[in-house]
Amino acid sequence: MTTSKPKVSVSNIHELGLLIACILVLLIFSFTAPNFFTERNLLSILRSASYVGLVAFPMTFVLISREIDISVGPSVAYSGVLFACLIKWYGFSYPLAAVVVLFWGLFIGYIVGIVRTKLFVPTFITTLALWSALRGLALWQTDGVPVMVGSKPFRYFFGGDILGLPTVSWIMLIVFVIFWFLSTYTVLGTNIYAVGGNPKAARSVGINVDRIKIYTLIATSFFSAVVGILFVARVSSGNSTVGEGMEFDVIAAVVVGGTALGGAVGRMTGTLLGVIFIAMIGNGLVHWGIDPDLNKVVRGIIIFLAVVINSNLTLKSNTGPKGDD
Amino acid sequence: MTILNLKNISKNFGAIVALDGVSLDLKEGEVLGLMGDNGAGKSTLIKIIAGNFKQSDGEMLFEDQNVEFNKPMDARNKGIEVVYQDLALCDNLTAASNIFLTREPKKKIGPFGLIDFTKMFEKAKQLFAELKSETLPNETVRMMSGGQRQAVALARTKLSKAKVVLLDEPTAAISVRQVAEVLELIRQLKKQGISVVIISHRMPDVFAVSDRIAVLRRGKLVANKLAKNSSPEEVTALITGAIETA
């Protein structure tokens with residue numbers, strides 16, 4: 001009888017590699033960029049990573065189940081605008097407005113899921129349409145002018161710090177633990193992997209593949225709404241232009257973290273590292289004094305390289321997802 | 001004892017007759033090799049037994065009871081499991097996760113129902129031991145050989161306490177060395193009193209494990225005899241039609 005011994009699996013290699021990359025990036029910027037390695041700046045990196053992370057964890061599930069949601073940025077912006085408008089123009093209380101916006105998030109995710117599973121429209125197309133429509137709606141509803149809201153308690157609590165860490169980071173850590181737990185220890189998590197690994201097989205053992213996909217899409221949309229509200233707390237207004245390119249950061253973080261765009265493979269711990277990696281690069285390049293426009297170019301190249309390295313690691317021992325929908 | 005009894009099963013799709021009055025018995029712990037050319041009706045017959053199709057005519061008895069399967073789940077609930085050629089495994093999950101998919105043992109921690117991995121791996125190990133397979137429960141299926149994959153698929157049928165296992169081309173896509181492994185798995189199933197129907201084009205494999213051989217040609221059962229009283233040459237002739245019946 002052969003005994004099983006712990007092995008370094010592919011995903012572990014990813015995460016180990018990414019952890020080393022994160023440390024390298026941290027060291028490089030710390031020694032080359034003034035003011036990078038300061039408490040203030042590190043907290044700022046943590047804060048921006050937290051907004052991305054909140055959506056990146058559910059997005060990991062979406063990608064694992066072979067779907068995608070590219071409407072994150074506009075979804076965040078519109079959620080914030082809706083939240084601010086409800087308070088400012090319609091006299092909603094903060095909690096009630098938040099509840100409405102969160103339900104809006106659930107609803108949009110549900111629609112994307114239903115359109116995917118009942119009308120067979122790829123989520124890329126549906127969320128591309130939403131990407132345009134939600135940004136347009138946010139601009140139109142506000143004339144592009146920020147809708148100022150923000151009672152002090154709301155701003156100080158959700159936009160501020162608790163015990164020295166940004167509130168949003170606490171929320172992100174809690175959400176990470178929940179998603180890590182779901183993915184590792186629960187039937188739901190296993191079923192999501194099964195759906196991504198072989199949808200046909202998953203269906204044949206009685207997993208409701210459609211429902212699983214709808215759940216993951218709802219989760220992403222819901223957390224986009226959460227981030228929308230948290231952004232309002234941060235900038236004291238519902239702003240139709242926030243979250244520009246956020247879908248890029250989120251998806252890049254997830255893929256850099258070792259999740260395959262084709263589904264089946266991915267882990268929450270990898271996504272957490274991916275989120276931190278992306279946030280450090282974004283911040284560090286600013287500290288290097290690189291022109292903001294060029295910053296985007298450099299970021300694009302670095303993320304592209306990270307993805308190429310990662311997907312090659314995946315290919316070596318991964319025959320890719322098997323079976324079809 | 002006869003576990004499955006097919007009486008005059010016919011199936012037509014519109015004007016096309018796929019099966020024409022097929023009567024066949026399957027005994028407990030018996031390995032039946034079902035052979036025939038492409039389009040002879042093997043798959044149709046399997047799909048009727050598995051509950052994917054309903055027969056147009058004839059009846060099916062399972063453990064001496066008349067049964068009607070409207071969906072695969074009906075057949076599965078009775079103890080009939082099919083292992084298709086693609087095995088329906090999730091490459092990205094471990095062997096144990098595949099076996100227990102949707103049937104994971106759970107433990108309660110507060111309000112949360114968690115997968116009991118210790119129990120799951122233990123049980124999977126036990127199932128592999130019963131199959132005399134050295135497949136590791138915590139290994140990812142992606143890393144496995146064809147023989148090990150087959151072991152995972154068969155362990156899954158064992159978990160369901162299947163009484164009849166239908167194997168669709170179990171040795172078609174694997175290397176010679178692994179064929180021996182798969183045939184050994186089939187022998188282990190038989191040893192435990194499980195009836196096996198094996199559909200295959202590979203004559204030596206069928207003869208290596210089957211107690212009985214049934215041959216279909218153009219929807220008709222043209223032979224049903226003990227393997228030791230037949231020969232690959234005879235079966236080939238039956239399949240092609242060089243011999244009418246035997």
# chains A, B, ... in the order shown; residues from 1 in each chain; ligands from 1
>>> interface_residues(of="chain B", to="chain A", cutoff="7 Å", atoms="only C-alpha atoms", output="mmCIF file with C-alpha atoms, in the first residue's frame")
data_model
loop_
_atom_site.group_PDB
_atom_site.id
_atom_site.type_symbol
_atom_site.label_atom_id
_atom_site.label_comp_id
_atom_site.auth_asym_id
_atom_site.auth_seq_id
_atom_site.Cartn_x
_atom_site.Cartn_y
_atom_site.Cartn_z
ATOM 1 C CA ALA B 88 -17.678 11.953 -16.159
ATOM 2 C CA LEU B 89 -14.916 12.950 -13.750
ATOM 3 C CA CYS B 90 -13.875 16.435 -12.740
ATOM 4 C CA ASP B 91 -10.164 16.668 -13.510
ATOM 5 C CA ASN B 92 -9.617 19.491 -11.062
ATOM 6 C CA THR B 102 -23.006 15.652 -3.954
ATOM 7 C CA LEU B 114 -18.647 21.148 6.655
ATOM 8 C CA ILE B 115 -17.275 18.388 4.503
ATOM 9 C CA GLU B 134 -3.631 1.702 -5.427
ATOM 10 C CA LEU B 136 -4.720 7.663 -3.769
ATOM 11 C CA ARG B 142 -5.795 15.347 -13.658
#
>>> residues_around(residues="stretch 157-170 of chain A", least_positions_apart="6", cutoff="10 Å", atoms="only C-alpha atoms", output="list of chain:residue names")
A:Leu43, A:Ser44, A:Leu46, A:Arg47, A:Ser48, A:Ala49, A:Ser50, A:Tyr51, A:Gly53, A:Leu54, A:Gly150, A:Phe176, A:Val227, A:Ile229, A:Leu230, A:Phe231, A:Val232, A:Ala233, A:Arg234, A:Val235, A:Ser236
>>> write_last_selection(atoms="N, CA and C atoms", output="short mmCIF file (atom, residue, chain, number, x, y, z; two decimals), in the first residue's frame")
data_model
loop_
_atom_site.label_atom_id
_atom_site.label_comp_id
_atom_site.auth_asym_id
_atom_site.auth_seq_id
_atom_site.Cartn_x
_atom_site.Cartn_y
_atom_site.Cartn_z
N LEU A 43 -0.58 51.60 4.36
CA LEU A 43 -2.02 51.56 4.66
C LEU A 43 -2.83 51.97 3.44
N SER A 44 -2.28 52.90 2.69
CA SER A 44 -2.97 53.35 1.48
C SER A 44 -3.04 52.23 0.44
N LEU A 46 -2.97 49.06 1.23
CA LEU A 46 -3.91 48.09 1.79
C LEU A 46 -5.35 48.51 1.50
N ARG A 47 -5.59 49.84 1.61
CA ARG A 47 -6.94 50.33 1.39
C ARG A 47 -7.37 50.09 -0.06
N SER A 48 -6.52 50.45 -1.00
CA SER A 48 -6.94 50.27 -2.40
C SER A 48 -7.03 48.78 -2.75
N ALA A 49 -6.15 47.97 -2.14
CA ALA A 49 -6.24 46.53 -2.38
C ALA A 49 -7.57 45.98 -1.85
N SER A 50 -8.06 46.59 -0.77
CA SER A 50 -9.27 46.07 -0.14
C SER A 50 -10.50 46.23 -1.02
N TYR A 51 -10.61 47.40 -1.68
CA TYR A 51 -11.75 47.60 -2.58
C TYR A 51 -11.73 46.56 -3.70
N GLY A 53 -10.15 43.68 -3.65
CA GLY A 53 -10.30 42.34 -3.09
C GLY A 53 -11.74 41.95 -2.86
N LEU A 54 -12.53 42.91 -2.38
CA LEU A 54 -13.94 42.61 -2.09
C LEU A 54 -14.66 42.02 -3.29
N GLY A 150 -22.95 62.23 2.85
CA GLY A 150 -21.92 61.78 3.76
C GLY A 150 -22.07 62.41 5.10
N PHE A 176 -12.78 37.72 2.79
CA PHE A 176 -11.79 36.73 2.35
C PHE A 176 -11.96 35.42 3.12
N VAL A 227 -18.94 47.68 -2.65
CA VAL A 227 -17.82 48.57 -2.89
C VAL A 227 -18.32 49.96 -3.30
N ILE A 229 -20.99 51.49 -2.28
CA ILE A 229 -21.37 52.20 -1.05
C ILE A 229 -20.12 52.65 -0.27
N LEU A 230 -19.13 51.73 -0.19
CA LEU A 230 -17.91 52.07 0.55
C LEU A 230 -17.14 53.22 -0.10
N PHE A 231 -17.21 53.28 -1.43
CA PHE A 231 -16.57 54.41 -2.14
C PHE A 231 -17.24 55.73 -1.77
N VAL A 232 -18.57 55.70 -1.67
CA VAL A 232 -19.30 56.91 -1.29
C VAL A 232 -18.80 57.39 0.08
N ALA A 233 -18.63 56.44 0.99
CA ALA A 233 -18.15 56.80 2.32
C ALA A 233 -16.76 57.42 2.25
N ARG A 234 -15.96 56.95 1.29
CA ARG A 234 -14.59 57.43 1.17
C ARG A 234 -14.52 58.83 0.58
N VAL A 235 -15.31 59.08 -0.48
CA VAL A 235 -15.18 60.36 -1.18
C VAL A 235 -16.36 61.30 -0.91
N SER A 236 -17.24 60.90 0.02
CA SER A 236 -18.37 61.74 0.44
C SER A 236 -19.31 62.10 -0.68
#
>>> closest_residue(among="B:Glu169, B:Glu244, B:Asp57, B:Asp86", to="B:Arg149", atoms="only C-alpha atoms")
B:Asp86
>>> residues_around(residues="A:Met148", least_positions_apart="4", cutoff="8 Å", atoms="only C-alpha atoms", output="JSON, numbers by chain")
{"A": [84, 88, 236, 237, 238]}
>>> atom_distance(atom1="atom CA of A:Ser221", atom2="atom CA of A:Arg155")
23.0 Å
>>> atom_distance(atom1="atom CA of B:Val31", atom2="atom CA of B:Val209")
6.9 Å
>>> residues_around(residues="B:Ala50", least_positions_apart="4", cutoff="7 Å", atoms="only C-alpha atoms", output="PyMOL selection string")
chain B and resi 46+72+75+80+82
>>> select_by_dssp(residues="stretch 19-227 of chain B", states="strand (DSSP E or B)", output="PyMOL selection string")
chain B and resi 19-27+31-36+57-62+65-67+80-83+94+106-109+112-115+140+164-168+195-199+212-217+220-226
>>> residues_around(residues="B:Ala172", least_positions_apart="2", cutoff="10 Å", atoms="only C-alpha atoms", output="PDB file with N, CA and C atoms, in the first residue's frame")
ATOM      1  N   GLN B  85     -17.780   6.266 -21.365  1.00  0.00           N
ATOM      2  CA  GLN B  85     -16.389   6.268 -21.813  1.00  0.00           C
ATOM      3  C   GLN B  85     -15.610   7.464 -21.275  1.00  0.00           C
ATOM      4  N   GLY B 146      -5.162   6.403 -17.012  1.00  0.00           N
ATOM      5  CA  GLY B 146      -6.478   5.944 -17.438  1.00  0.00           C
ATOM      6  C   GLY B 146      -7.053   4.879 -16.522  1.00  0.00           C
ATOM      7  N   ASP B 168     -19.251   1.396 -20.571  1.00  0.00           N
ATOM      8  CA  ASP B 168     -19.228   1.734 -21.984  1.00  0.00           C
ATOM      9  C   ASP B 168     -17.776   1.895 -22.431  1.00  0.00           C
ATOM     10  N   GLU B 169     -17.289   0.990 -23.219  1.00  0.00           N
ATOM     11  CA  GLU B 169     -15.915   1.037 -23.746  1.00  0.00           C
ATOM     12  C   GLU B 169     -14.883   1.363 -22.668  1.00  0.00           C
ATOM     13  N   PRO B 170     -14.792   0.536 -21.636  1.00  0.00           N
ATOM     14  CA  PRO B 170     -13.893   0.893 -20.523  1.00  0.00           C
ATOM     15  C   PRO B 170     -12.413   0.850 -20.893  1.00  0.00           C
ATOM     16  N   ILE B 174      -7.103   3.723 -23.367  1.00  0.00           N
ATOM     17  CA  ILE B 174      -5.984   3.635 -22.430  1.00  0.00           C
ATOM     18  C   ILE B 174      -4.917   2.665 -22.916  1.00  0.00           C
ATOM     19  N   SER B 175      -3.758   2.768 -22.285  1.00  0.00           N
ATOM     20  CA  SER B 175      -2.621   1.970 -22.735  1.00  0.00           C
ATOM     21  C   SER B 175      -2.780   0.501 -22.344  1.00  0.00           C
ATOM     22  N   VAL B 176      -2.020  -0.336 -22.984  1.00  0.00           N
ATOM     23  CA  VAL B 176      -2.133  -1.784 -22.798  1.00  0.00           C
ATOM     24  C   VAL B 176      -1.939  -2.172 -21.332  1.00  0.00           C
ATOM     25  N   VAL B 179      -4.956  -1.482 -19.404  1.00  0.00           N
ATOM     26  CA  VAL B 179      -6.080  -2.358 -19.712  1.00  0.00           C
ATOM     27  C   VAL B 179      -6.135  -3.483 -18.683  1.00  0.00           C
ATOM     28  N   SER B 200     -17.818  -3.266 -25.601  1.00  0.00           N
ATOM     29  CA  SER B 200     -16.480  -2.960 -26.079  1.00  0.00           C
ATOM     30  C   SER B 200     -16.291  -3.480 -27.494  1.00  0.00           C
ATOM     31  N   HIS B 201     -15.386  -2.839 -28.183  1.00  0.00           N
ATOM     32  CA  HIS B 201     -15.003  -3.307 -29.503  1.00  0.00           C
ATOM     33  C   HIS B 201     -13.774  -4.193 -29.411  1.00  0.00           C
ATOM     34  N   ARG B 202     -13.151  -4.200 -28.235  1.00  0.00           N
ATOM     35  CA  ARG B 202     -11.878  -4.909 -28.115  1.00  0.00           C
ATOM     36  C   ARG B 202     -12.114  -6.344 -27.692  1.00  0.00           C
ATOM     37  N   ASP B 205     -10.245  -8.118 -24.720  1.00  0.00           N
ATOM     38  CA  ASP B 205     -10.635  -7.610 -23.403  1.00  0.00           C
ATOM     39  C   ASP B 205     -11.962  -8.212 -22.978  1.00  0.00           C
TER      40      ASP B 205
END
>>> atom_distance(atom1="atom CA of A:Val101", atom2="atom CA of A:Ser79")
6.1 Å
>>> closest_residue(among="B:Leu166, B:Leu93, B:Val222, B:Ile199", to="B:Val152", atoms="only C-alpha atoms")
B:Leu93
>>> closest_residue(among="B:Gln178, B:Leu6, B:Lys107, B:Ser43", to="B:Glu68", atoms="only C-alpha atoms")
B:Leu6
>>> residues_around(residues="stretch 117-124 of chain A", least_positions_apart="3", cutoff="7 Å", atoms="only C-alpha atoms", output="short mmCIF file (atom, residue, chain, number, x, y, z; two decimals) with C-alpha atoms, in the first residue's frame")
data_model
loop_
_atom_site.label_atom_id
_atom_site.label_comp_id
_atom_site.auth_asym_id
_atom_site.auth_seq_id
_atom_site.Cartn_x
_atom_site.Cartn_y
_atom_site.Cartn_z
CA GLU A 67 -17.96 32.68 -16.52
CA ILE A 68 -16.77 36.27 -16.33
CA ASP A 69 -18.12 39.62 -15.16
CA ILE A 70 -16.52 42.65 -16.76
CA VAL A 112 -26.93 38.22 -15.74
CA GLY A 113 -27.21 34.68 -14.43
CA ILE A 114 -30.68 34.08 -15.86
CA THR A 127 -21.69 42.24 -18.70
CA LEU A 128 -20.14 44.15 -21.61
CA ASP A 210 -27.27 26.77 -13.67
#
>>> residues_around(residues="B:Phe13", least_positions_apart="4", cutoff="9 Å", atoms="only C-alpha atoms", output="PyMOL selection string")
chain B and resi 17-18+56
>>> select_by_dssp(residues="stretch 14-210 of chain A", states="helix (DSSP H, G or I)", output="PyMOL selection string")
chain A and resi 14-32+39-64+72-88+94-118+123-142+152-158+167-185+187-197+199-204+209-210
>>> write_last_selection(atoms="C-alpha atoms", output="compact mmCIF listing (two decimals), in the first residue's frame")
# COMPACT_ATOMS: atom_id res chain seq x y z
CA HIS A 14 1.65 29.63 -7.95
CA GLU A 15 1.14 31.04 -4.53
CA LEU A 16 4.71 30.52 -3.42
CA GLY A 17 5.95 32.20 -6.59
CA LEU A 18 3.52 35.03 -6.18
CA LEU A 19 4.46 35.50 -2.55
CA ILE A 20 8.12 35.78 -3.56
CA ALA A 21 7.14 38.21 -6.33
CA CYS A 22 5.21 40.30 -3.82
CA ILE A 23 8.19 40.43 -1.46
CA LEU A 24 10.52 41.34 -4.34
CA VAL A 25 8.19 44.12 -5.50
CA LEU A 26 7.96 45.39 -1.93
CA LEU A 27 11.75 45.40 -1.56
CA ILE A 28 12.39 47.01 -4.95
CA PHE A 29 9.96 49.85 -4.35
CA SER A 30 11.05 50.28 -0.73
CA PHE A 31 14.65 50.85 -1.79
CA THR A 32 14.03 52.85 -4.94
CA GLU A 39 3.08 53.36 7.43
CA ARG A 40 0.88 55.87 5.70
CA ASN A 41 1.65 54.56 2.22
CA LEU A 42 1.41 50.89 3.15
CA LEU A 43 -2.02 51.56 4.66
CA SER A 44 -2.97 53.35 1.48
CA ILE A 45 -1.93 50.31 -0.55
CA LEU A 46 -3.91 48.09 1.79
CA ARG A 47 -6.94 50.33 1.39
CA SER A 48 -6.94 50.27 -2.40
CA ALA A 49 -6.24 46.53 -2.38
CA SER A 50 -9.27 46.07 -0.14
CA TYR A 51 -11.75 47.60 -2.58
CA VAL A 52 -10.40 45.38 -5.35
CA GLY A 53 -10.30 42.34 -3.09
CA LEU A 54 -13.94 42.61 -2.09
CA VAL A 55 -14.94 41.94 -5.69
CA ALA A 56 -11.97 39.71 -6.55
CA PHE A 57 -12.99 36.92 -4.16
CA PRO A 58 -16.44 36.37 -5.66
CA MET A 59 -14.89 36.95 -9.11
CA THR A 60 -12.58 34.00 -8.42
CA PHE A 61 -15.66 31.79 -8.14
CA VAL A 62 -17.09 33.30 -11.33
CA LEU A 63 -13.94 32.49 -13.29
CA ILE A 64 -13.67 29.00 -11.75
CA VAL A 72 -17.41 45.73 -12.12
CA GLY A 73 -16.28 49.36 -12.55
CA PRO A 74 -19.56 50.79 -13.86
CA SER A 75 -21.47 48.59 -11.43
CA VAL A 76 -19.51 50.09 -8.53
CA ALA A 77 -20.07 53.60 -9.90
CA TYR A 78 -23.77 53.19 -10.47
CA SER A 79 -24.31 51.58 -7.05
CA GLY A 80 -22.64 54.59 -5.44
CA VAL A 81 -24.67 57.04 -7.51
CA LEU A 82 -27.90 55.22 -6.71
CA PHE A 83 -27.01 55.20 -3.02
CA ALA A 84 -26.25 58.93 -2.97
CA CYS A 85 -29.32 59.87 -5.02
CA LEU A 86 -31.65 57.87 -2.81
CA ILE A 87 -30.34 59.74 0.22
CA LYS A 88 -29.97 63.20 -1.21
CA TYR A 94 -28.54 55.54 5.11
CA PRO A 95 -29.39 51.99 6.13
CA LEU A 96 -32.49 51.86 3.93
CA ALA A 97 -30.60 53.26 0.93
CA ALA A 98 -27.88 50.68 1.54
CA VAL A 99 -30.42 47.86 1.62
CA VAL A 100 -31.97 49.06 -1.66
CA VAL A 101 -28.55 49.27 -3.34
CA LEU A 102 -27.53 45.83 -2.09
CA PHE A 103 -30.77 44.37 -3.46
CA TRP A 104 -30.05 46.18 -6.71
CA GLY A 105 -26.71 44.37 -6.78
CA LEU A 106 -28.36 41.01 -6.15
CA PHE A 107 -30.94 41.74 -8.84
CA ILE A 108 -28.40 42.68 -11.54
CA GLY A 109 -26.34 39.56 -10.80
CA TYR A 110 -29.48 37.45 -10.96
CA ILE A 111 -30.41 38.94 -14.35
CA VAL A 112 -26.93 38.22 -15.74
CA GLY A 113 -27.21 34.68 -14.43
CA ILE A 114 -30.68 34.08 -15.86
CA VAL A 115 -29.69 35.52 -19.24
CA ARG A 116 -26.67 33.19 -19.21
CA THR A 117 -28.47 30.03 -18.16
CA LYS A 118 -31.87 30.44 -19.79
CA THR A 123 -21.68 36.48 -19.56
CA PHE A 124 -18.97 38.38 -21.42
CA ILE A 125 -21.62 39.88 -23.71
CA THR A 126 -24.19 40.60 -21.02
CA THR A 127 -21.69 42.24 -18.70
CA LEU A 128 -20.14 44.15 -21.61
CA ALA A 129 -23.58 45.61 -22.29
CA LEU A 130 -23.94 46.38 -18.58
CA TRP A 131 -20.47 47.92 -18.55
CA SER A 132 -21.67 50.51 -21.04
CA ALA A 133 -25.23 50.87 -19.78
CA LEU A 134 -24.46 51.31 -16.08
CA ARG A 135 -21.76 53.91 -16.67
CA GLY A 136 -24.12 55.78 -18.99
CA LEU A 137 -26.94 55.57 -16.50
CA ALA A 138 -24.71 56.90 -13.71
CA LEU A 139 -23.55 59.85 -15.85
CA TRP A 140 -27.03 60.65 -17.11
CA GLN A 141 -28.67 60.47 -13.71
CA THR A 142 -26.15 62.87 -12.17
CA LYS A 152 -19.99 62.28 9.61
CA PRO A 153 -20.65 58.93 11.34
CA PHE A 154 -21.09 57.18 7.98
CA ARG A 155 -17.93 58.70 6.52
CA TYR A 156 -15.83 58.20 9.63
CA PHE A 157 -16.89 54.64 10.12
CA PHE A 158 -16.94 53.21 6.59
CA THR A 167 -12.58 49.74 7.87
CA VAL A 168 -12.75 48.50 4.31
CA SER A 169 -9.72 46.31 4.97
CA TRP A 170 -11.44 44.70 7.94
CA ILE A 171 -14.46 44.04 5.76
CA MET A 172 -12.24 42.65 3.02
CA LEU A 173 -10.48 40.32 5.47
CA ILE A 174 -13.81 39.01 6.77
CA VAL A 175 -15.06 38.47 3.22
CA PHE A 176 -11.79 36.73 2.35
CA VAL A 177 -12.17 34.33 5.28
CA ILE A 178 -15.77 33.60 4.25
CA PHE A 179 -14.84 32.88 0.63
CA TRP A 180 -11.75 30.92 1.57
CA PHE A 181 -13.88 28.86 3.91
CA LEU A 182 -16.58 28.34 1.28
CA SER A 183 -14.07 27.26 -1.33
CA THR A 184 -12.19 24.88 0.95
CA TYR A 185 -14.63 23.25 3.32
CA VAL A 187 -20.22 21.40 -0.53
CA LEU A 188 -21.09 24.62 -2.34
CA GLY A 189 -17.40 25.35 -2.92
CA THR A 190 -16.72 21.82 -4.17
CA ASN A 191 -19.69 22.10 -6.50
CA ILE A 192 -18.37 25.36 -7.96
CA TYR A 193 -15.07 23.63 -8.75
CA ALA A 194 -16.97 20.66 -10.18
CA VAL A 195 -18.99 22.93 -12.46
CA GLY A 196 -15.77 24.50 -13.72
CA GLY A 197 -13.95 21.18 -14.03
CA PRO A 199 -20.06 20.84 -16.26
CA LYS A 200 -21.48 17.74 -17.92
CA ALA A 201 -20.21 15.46 -15.16
CA ALA A 202 -21.42 17.90 -12.52
CA ARG A 203 -24.86 17.86 -14.05
CA SER A 204 -24.88 14.07 -14.30
CA VAL A 209 -25.07 23.82 -12.74
CA ASP A 210 -27.27 26.77 -13.67
